[in-house]
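**Student:** Let me give you the structure first, and then I'll get to my questions.
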Amino acid sequence: MLIGIDVTGRRVVAVGGGPVSARRVARFVDEGAEVIVVAPELDPALAVLVDEGRIMWTARPVVRDDLADAWLVHTATGVPAVDHAVAAWADEARIFCVNAGHGDHGTARMTAETRSGDLIVGVVSEGGVDPRRSGAVRDAVADALAEGRLPVRRRRTGGPGR
């Protein structure tokens, strides 16, 4: 199931300080999340966000209590046993978890997304995580949106949905 969630003002815990976490954390920050990164070391892009006060950093390996009060967890340590443990802790705590190292072992997946005005179109593969395929489809949709080949005109006016 594909679903959009609002992380604005909500705690997102990112476990791992490498380039995958850097890309994903940037998305969470852009969406207004309160991000805490737990990792012994940081990718330079994450270090900039820490220096700017846009994210918090816990400079050590992850422990179960780091997930407290999180709405979403993202783990990308590069160590399968650690990512698996984080995903299991999140599952026990009923927190959705993106396990970037093994997408089939998390309870959530990141979408490859594109935007057009106030529309966000996300693509995610099912039955075997395939981020390159999702990215290629996203790019094709982005091209179609840019060329005006998809219907993006508003259909509803005012008020909440039905």
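Scheme for the structure tokens: letters A, B, ... for chains in order shown; per-chain residue numbers from 1; ligand numbers from 1 in order shown.
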Within 8 Å of Val73 in chain A, counting only C-alpha atoms, which residues show up once you throw out same-chain ones fewer than 4 positions away? Write them as a PyMOL selection string, please.
**Tutor:** chain A and resi 12-15+67+90+95-98
**Student:** Running DSSP on the backbone, which parts of range 3-80 of chain A land in strand (DSSP E), as a PyMOL selection string?
**Tutor:** chain A and resi 11-15+34-38+56-58+72-75
**Student:** Applying 8 Å and only C-alpha atoms, which residues near Thr58 in chain A remain after dropping the ones on its own chain fewer than 6 positions away? List them as a ChimeraX atom specification.
**Tutor:** /A:36-40
**Student:** Would you export the selected residues with N, CA and C atoms as a compact mmCIF listing (two decimals), in the first residue's frame, please?
**Tutor:**
```txt
# COMPACT_ATOMS: atom_id res chain seq x y z
N ILE A 36 16.67 13.11 14.30
CA ILE A 36 17.81 12.74 15.14
C ILE A 36 18.56 11.65 14.41
N VAL A 37 19.85 11.87 14.17
CA VAL A 37 20.70 10.87 13.54
C VAL A 37 21.52 10.20 14.63
N VAL A 38 21.52 8.87 14.62
CA VAL A 38 22.33 8.10 15.57
C VAL A 38 23.38 7.35 14.76
N ALA A 39 24.64 7.75 14.95
CA ALA A 39 25.74 7.14 14.19
C ALA A 39 27.06 7.59 14.80
N PRO A 40 28.06 6.70 14.79
CA PRO A 40 29.37 7.10 15.31
C PRO A 40 30.03 8.20 14.49
```
**Student:** As JSON, numbers by chain, list the residues of chain A assigned to alpha helix (DSSP H) by DSSP on the backbone atoms of this structure.
**Tutor:** {"A": [19, 20, 21, 22, 23, 24, 25, 26, 27, 28, 29, 30, 44, 45, 46, 47, 48, 49, 50, 51, 80, 81, 82, 83, 84, 85, 86, 87, 88, 89, 90, 91, 92, 131, 132, 133, 134, 135, 136, 137, 138, 139, 140, 141, 142, 143, 144, 145, 146]}
